[in-house]
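> Here you go, start-v8.cif (mmCIF, C-alpha atoms):
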```cif
data_upload
#
loop_
_atom_site.label_atom_id
_atom_site.label_comp_id
_atom_site.auth_asym_id
_atom_site.auth_seq_id
_atom_site.Cartn_x
_atom_site.Cartn_y
_atom_site.Cartn_z
CA MET X 65 -9.50 12.83 2.21
CA THR X 66 -9.66 9.06 2.24
CA ILE X 67 -6.41 7.24 2.92
CA SER X 68 -6.66 3.48 2.51
CA GLU X 69 -4.63 0.71 4.12
CA THR X 70 -2.91 0.28 0.74
CA ASP X 71 -1.99 3.97 0.76
CA LEU X 72 -0.49 3.54 4.22
CA VAL X 73 1.65 0.61 3.05
CA HIS X 74 3.16 2.75 0.28
CA LEU X 75 3.57 5.76 2.57
CA ARG X 76 5.42 3.60 5.10
CA ARG X 77 7.75 2.51 2.30
CA ALA X 78 8.38 6.20 1.47
CA VAL X 79 9.18 6.90 5.13
CA GLU X 80 11.59 3.96 5.18
CA LEU X 81 13.35 5.42 2.14
CA ALA X 82 13.54 8.75 4.01
CA ARG X 83 15.27 6.91 6.88
CA GLU X 84 17.76 5.45 4.38
CA ALA X 85 18.43 8.93 2.99
CA LEU X 86 19.15 10.33 6.44
CA ALA X 87 21.45 7.40 7.25
CA ALA X 88 23.40 8.19 4.06
CA GLY X 89 23.74 11.85 5.04
CA ASP X 90 21.04 13.17 2.72
CA GLY X 91 17.84 15.01 3.55
CA PRO X 92 15.23 12.60 4.93
CA PHE X 93 12.85 12.25 2.03
CA GLY X 94 11.66 9.19 0.14
CA SER X 95 9.09 8.58 -2.60
CA VAL X 96 7.42 5.66 -4.35
CA LEU X 97 5.68 5.49 -7.75
CA VAL X 98 2.79 3.01 -7.86
CA ASP X 99 0.99 2.20 -11.09
CA GLY X 100 -2.77 1.98 -11.57
CA ALA X 101 -2.71 -1.74 -10.75
CA GLY X 102 -1.07 -1.06 -7.37
CA VAL X 103 2.42 -2.25 -8.36
CA GLU X 104 5.46 -0.30 -7.20
CA ARG X 105 7.27 0.74 -10.37
CA PHE X 106 10.03 3.00 -9.04
CA ALA X 107 11.26 4.24 -5.67
CA ASP X 108 14.03 6.55 -4.61
CA ARG X 109 15.35 8.65 -1.76
CA ASN X 110 16.92 12.07 -1.50
CA ARG X 111 20.51 12.13 -2.81
CA GLU X 112 21.25 15.87 -2.87
CA VAL X 113 24.14 15.82 -0.40
CA SER X 114 25.79 12.53 -1.35
CA THR X 115 25.84 13.45 -5.06
CA GLY X 116 26.45 17.18 -4.68
CA ASP X 117 23.41 17.79 -6.90
CA PRO X 118 20.68 19.70 -5.05
CA THR X 119 18.08 18.64 -7.65
CA ARG X 120 18.38 14.94 -6.72
CA HIS X 121 14.99 14.83 -5.00
CA PRO X 122 13.15 11.49 -5.21
CA GLU X 123 10.01 13.10 -6.65
CA PHE X 124 12.04 14.64 -9.47
CA GLU X 125 13.72 11.28 -10.16
CA ILE X 126 10.28 9.67 -10.29
CA ALA X 127 9.12 12.22 -12.86
CA ARG X 128 12.23 11.57 -15.00
CA TRP X 129 11.83 7.80 -14.75
CA ALA X 130 8.12 7.93 -15.53
CA ALA X 131 8.64 10.12 -18.60
CA ALA X 132 11.15 7.62 -19.97
CA ASN X 133 9.37 4.40 -19.03
CA LEU X 134 5.60 4.87 -18.90
CA THR X 135 2.99 5.88 -21.43
CA ALA X 136 0.97 9.04 -20.88
CA ASN X 137 -2.01 6.96 -19.72
CA GLU X 138 0.13 4.94 -17.31
CA ARG X 139 1.57 8.13 -15.85
CA ALA X 140 -1.90 9.63 -15.38
CA ASP X 141 -3.10 6.47 -13.58
CA ALA X 142 -0.08 6.35 -11.25
CA THR X 143 0.18 7.58 -7.67
CA VAL X 144 3.26 9.10 -6.06
CA TYR X 145 3.60 8.46 -2.34
CA THR X 146 6.08 10.63 -0.54
CA SER X 147 7.28 11.35 2.97
CA GLY X 148 7.09 15.12 2.48
CA GLU X 149 5.08 17.38 0.21
CA HIS X 150 6.78 18.15 -3.10
CA CYS X 151 8.86 21.30 -3.41
CA PRO X 152 7.99 23.66 -6.30
CA MET X 153 10.58 22.02 -8.61
CA CYS X 154 9.17 18.55 -8.01
CA SER X 155 5.56 19.74 -8.24
CA ALA X 156 6.26 21.24 -11.65
CA ALA X 157 8.07 18.11 -12.86
CA HIS X 158 5.18 15.94 -11.67
CA ALA X 159 2.68 18.10 -13.58
CA TRP X 160 4.82 18.44 -16.72
CA VAL X 161 5.12 14.67 -17.18
CA GLY X 162 1.43 14.10 -16.42
CA LEU X 163 1.67 11.98 -13.30
CA GLY X 164 -1.53 11.41 -11.36
CA ARG X 165 -2.37 11.52 -7.66
CA ILE X 166 0.10 12.59 -4.97
CA VAL X 167 -0.18 11.42 -1.37
CA TYR X 168 2.25 12.88 1.17
CA VAL X 169 2.81 12.37 4.88
CA ALA X 170 3.96 15.82 6.05
CA SER X 171 3.18 19.14 4.41
CA ALA X 172 5.82 21.61 3.29
CA GLU X 173 4.37 24.05 5.81
CA GLN X 174 4.77 21.54 8.65
CA ILE X 175 8.34 20.72 7.66
CA THR X 176 9.24 24.40 7.37
CA GLY X 177 7.82 25.07 10.83
CA TRP X 178 9.72 22.20 12.44
CA ARG X 179 12.97 23.35 10.83
CA ARG X 180 12.36 26.97 11.85
CA ASP X 181 11.60 25.96 15.45
CA LEU X 182 14.98 24.19 15.59
CA GLY X 183 16.85 27.21 14.22
CA ALA X 184 17.64 25.73 10.79
CA GLU X 185 18.48 27.98 7.86
CA PRO X 186 15.42 28.84 5.77
CA SER X 187 15.03 27.23 2.37
CA GLN X 188 16.52 28.99 -0.65
CA VAL X 189 13.25 28.29 -2.46
CA SER X 190 9.80 29.57 -1.51
CA VAL X 191 7.65 27.06 0.29
CA LEU X 192 4.50 26.53 -1.76
CA PRO X 193 1.82 23.87 -1.60
CA ILE X 194 1.75 21.53 -4.59
CA THR X 195 -1.59 22.95 -5.70
CA ALA X 196 -0.12 26.48 -5.91
CA VAL X 197 2.38 25.23 -8.51
CA ALA X 198 0.19 22.65 -10.24
CA PRO X 199 -3.45 23.40 -9.41
CA GLY X 200 -4.90 20.51 -11.42
CA LEU X 201 -3.15 17.73 -9.53
CA PRO X 202 -5.09 15.48 -7.14
CA VAL X 203 -3.26 15.82 -3.82
CA GLU X 204 -3.89 14.23 -0.43
CA GLY X 205 -2.04 14.95 2.78
CA PRO X 206 -0.89 15.37 5.38
CA VAL X 207 -1.45 11.89 6.77
CA ASP X 208 -1.56 12.47 10.52
CA GLU X 209 -0.92 8.84 11.43
CA LEU X 210 2.64 8.98 10.05
CA VAL X 211 3.49 12.65 10.68
CA PRO X 212 5.34 11.96 13.97
CA GLU X 213 7.77 9.62 12.16
CA VAL X 214 8.58 12.21 9.51
CA ARG X 215 8.89 14.96 12.11
CA ALA X 216 11.43 12.86 14.04
CA LEU X 217 13.48 12.39 10.86
CA ILE X 218 13.41 16.10 10.03
CA GLU X 219 14.40 17.03 13.57
CA ARG X 220 17.26 14.50 13.56
CA ALA X 221 18.48 15.86 10.22
CA VAL X 222 18.50 19.45 11.52
CA ARG X 223 20.38 18.45 14.66
CA LEU X 224 23.00 16.54 12.62
CA ARG X 225 23.79 19.56 10.46
#
```
Could you render the structure from this file as structure tokens?


Amino acid sequence: MTISETDLVHLRRAVELAREALAAGDGPFGSVLVDGAGVERFADRNREVSTGDPTRHPEFEIARWAAANLTANERADATVYTSGEHCPMCSAAHAWVGLGRIVYVASAEQITGWRRDLGAEPSQVSVLPITAVAPGLPVEGPVDELVPEVRALIERAVRLR
């Protein structure tokens, strides 16, 4: 796995969006869509609590936006940077719309373990790696350099609930 300085810039932006989500009372997750030329095209944060819609994950919003605004080739050339590995719903959406590479900071397995260790309720959805849902996707992560930041956000979110 080769993570570039450019990748780290976009991952830091995703972590900042995760901080914004937590500050708004949502789960601490953020994601950024970057096109093949390296330009940020869309970014969002979790909004599942504030909207009352548990499907308002940033990765799912990216898939919706990309399907409506990018050509198939542009979607395939794009990269999604995210603070946490996609859930199965978001992995499927990513694959269905033909988005390209995914780079995440913390794995679903890591996040599940941190939550479990703090006594949080288990997820209502099975925890699966992206590649179990969409085996053809190019996926990179976790990115150890930023994992402590995401872990702190997850732990703060569990303690607040």

> Would you mind listing, for every residue of range 71-177 of chain X within 6 Å of range 201-220 of chain X, the two atoms forming the shortest contact and the distance between them in Å to one decimal, using all atoms listed in the file, sorted by chain and ascending residue number, as JSON lines?


```
{"residue": "X:Arg165", "atom": "CA", "partner": "X:Pro202", "partner_atom": "CA", "distance": 4.8}
{"residue": "X:Ile166", "atom": "CA", "partner": "X:Val203", "partner_atom": "CA", "distance": 4.8}
{"residue": "X:Val167", "atom": "CA", "partner": "X:Glu204", "partner_atom": "CA", "distance": 4.7}
{"residue": "X:Tyr168", "atom": "CA", "partner": "X:Gly205", "partner_atom": "CA", "distance": 5.0}
{"residue": "X:Val169", "atom": "CA", "partner": "X:Val207", "partner_atom": "CA", "distance": 4.7}
{"residue": "X:Ala170", "atom": "CA", "partner": "X:Pro206", "partner_atom": "CA", "distance": 4.9}
{"residue": "X:Ser171", "atom": "CA", "partner": "X:Pro206", "partner_atom": "CA", "distance": 5.6}
```

> Can you tell me which residues surround Ala184 in chain X at a distance of at most 10 Å, considering only C-alpha atoms, apart from same-chain residues fewer than 6 positions away, and format the answer as a list in words?

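The contact residues come out as Thr176, Gly177, Trp178, Glu219, Ala221, Val222, Arg223 and Arg225 of chain X.
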
> Could you spell out the hits of the PyMOL selection byres ((chain X and resi 119) around 12) on the shown file, as a list in words?

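Selected by the PyMOL selection byres ((chain X and resi 119) around 12) here: Gly91, Arg109, Asn110, Arg111, Glu112, Val113, Ser114, Thr115, Gly116, Asp117, Pro118, Arg120, His121, Pro122, Glu123, Phe124, Glu125, Arg128, Cys151, Pro152, Met153, Cys154, Ala157 and Val189 of chain X.
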
> Kindly save the residues from that selection, with C-alpha atoms included, as a short mmCIF file (atom, residue, chain, number, x, y, z; two decimals), in the frame of the given file.


```
data_model
loop_
_atom_site.label_atom_id
_atom_site.label_comp_id
_atom_site.auth_asym_id
_atom_site.auth_seq_id
_atom_site.Cartn_x
_atom_site.Cartn_y
_atom_site.Cartn_z
CA GLY X 91 17.84 15.01 3.55
CA ARG X 109 15.35 8.65 -1.76
CA ASN X 110 16.92 12.07 -1.50
CA ARG X 111 20.51 12.13 -2.81
CA GLU X 112 21.25 15.87 -2.87
CA VAL X 113 24.14 15.82 -0.40
CA SER X 114 25.79 12.53 -1.35
CA THR X 115 25.84 13.45 -5.06
CA GLY X 116 26.45 17.18 -4.68
CA ASP X 117 23.41 17.79 -6.90
CA PRO X 118 20.68 19.70 -5.05
CA ARG X 120 18.38 14.94 -6.72
CA HIS X 121 14.99 14.83 -5.00
CA PRO X 122 13.15 11.49 -5.21
CA GLU X 123 10.01 13.10 -6.65
CA PHE X 124 12.04 14.64 -9.47
CA GLU X 125 13.72 11.28 -10.16
CA ARG X 128 12.23 11.57 -15.00
CA CYS X 151 8.86 21.30 -3.41
CA PRO X 152 7.99 23.66 -6.30
CA MET X 153 10.58 22.02 -8.61
CA CYS X 154 9.17 18.55 -8.01
CA ALA X 157 8.07 18.11 -12.86
CA VAL X 189 13.25 28.29 -2.46
#
```

> Determine the nearest neighbour of Ala85 in chain X from the options X:Ala198, X:Asp108, X:Ile67, X:Pro186, counting only C-alpha atoms.

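Closest residue, counting only C-alpha atoms: X:Asp108.
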
> Go through X:Leu224, X:Ala88, X:Ala142, X:Val79 and flag the residue nearest Arg105 in chain X, using all atoms listed in the file for the distances.

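Of the candidates, the smallest distance to Arg105 in chain X is held by X:Ala142.
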
> I want to know what sits within 8 Å of Val161 in chain X, based on all atoms listed in the file, with residues of the same chain fewer than 6 positions away left out; could you give that as a list of chain:residue names?

X:Ala127, X:Ala130, X:Ala131, X:Ala136, X:Arg139

> Give the answer as one residue: which of X:Phe106, X:Ala196, X:Ser147, X:Ser68 has the shortest atom-to-atom distance to Pro92 in chain X, using only C-alpha atoms?

X:Ser147

> Give, as AutoDock Vina command-line options, the centre coordinates and the x, y and z edge lengths in Å to one decimal for an axis-aligned box around all listed atoms of range 130-138 of chain X, padded by 6 Å on each side.


```
--center_x 4.6 --center_y 7.3 --center_z -18.5 --size_x 25.2 --size_y 17.7 --size_z 17.9
```

> CA of Val191 in chain X and CA of Ser155 in chain X, how far apart in Å?

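Taking CA of Ser155 in chain X as the start and CA of Val191 in chain X as the end point, the length is 11.4 Å.
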
> So how many Å separate CA of Gly162 in chain X and CA of Glu138 in chain X, to one decimal?

9.3 Å

> Could you tell me how far CA of Asp90 in chain X sits from CA of Thr143 in chain X, in Å to one decimal place?

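Between CA of Thr143 in chain X and CA of Asp90 in chain X the gap works out to 24.0 Å.
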
> Taking only C-alpha atoms into account, name the residue in X:Gly89, X:Leu163, X:Ala82, X:Thr70 that is nearest to Thr135 in chain X.

X:Leu163

> Which residue out of X:Ser187, X:Leu86, X:Gly200, X:Ile175 has the minimum interatomic distance to Trp160 in chain X when only C-alpha atoms are used?

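Of the candidates, the smallest distance to Trp160 in chain X is held by X:Gly200.
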
> Using all atoms listed in the file, pick whichever of X:Asp181, X:Tyr145, X:Asp99, X:Ala87 has the shortest atom-to-atom distance to Val73 in chain X.

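Closest residue, counting all atoms listed in the file: X:Tyr145.
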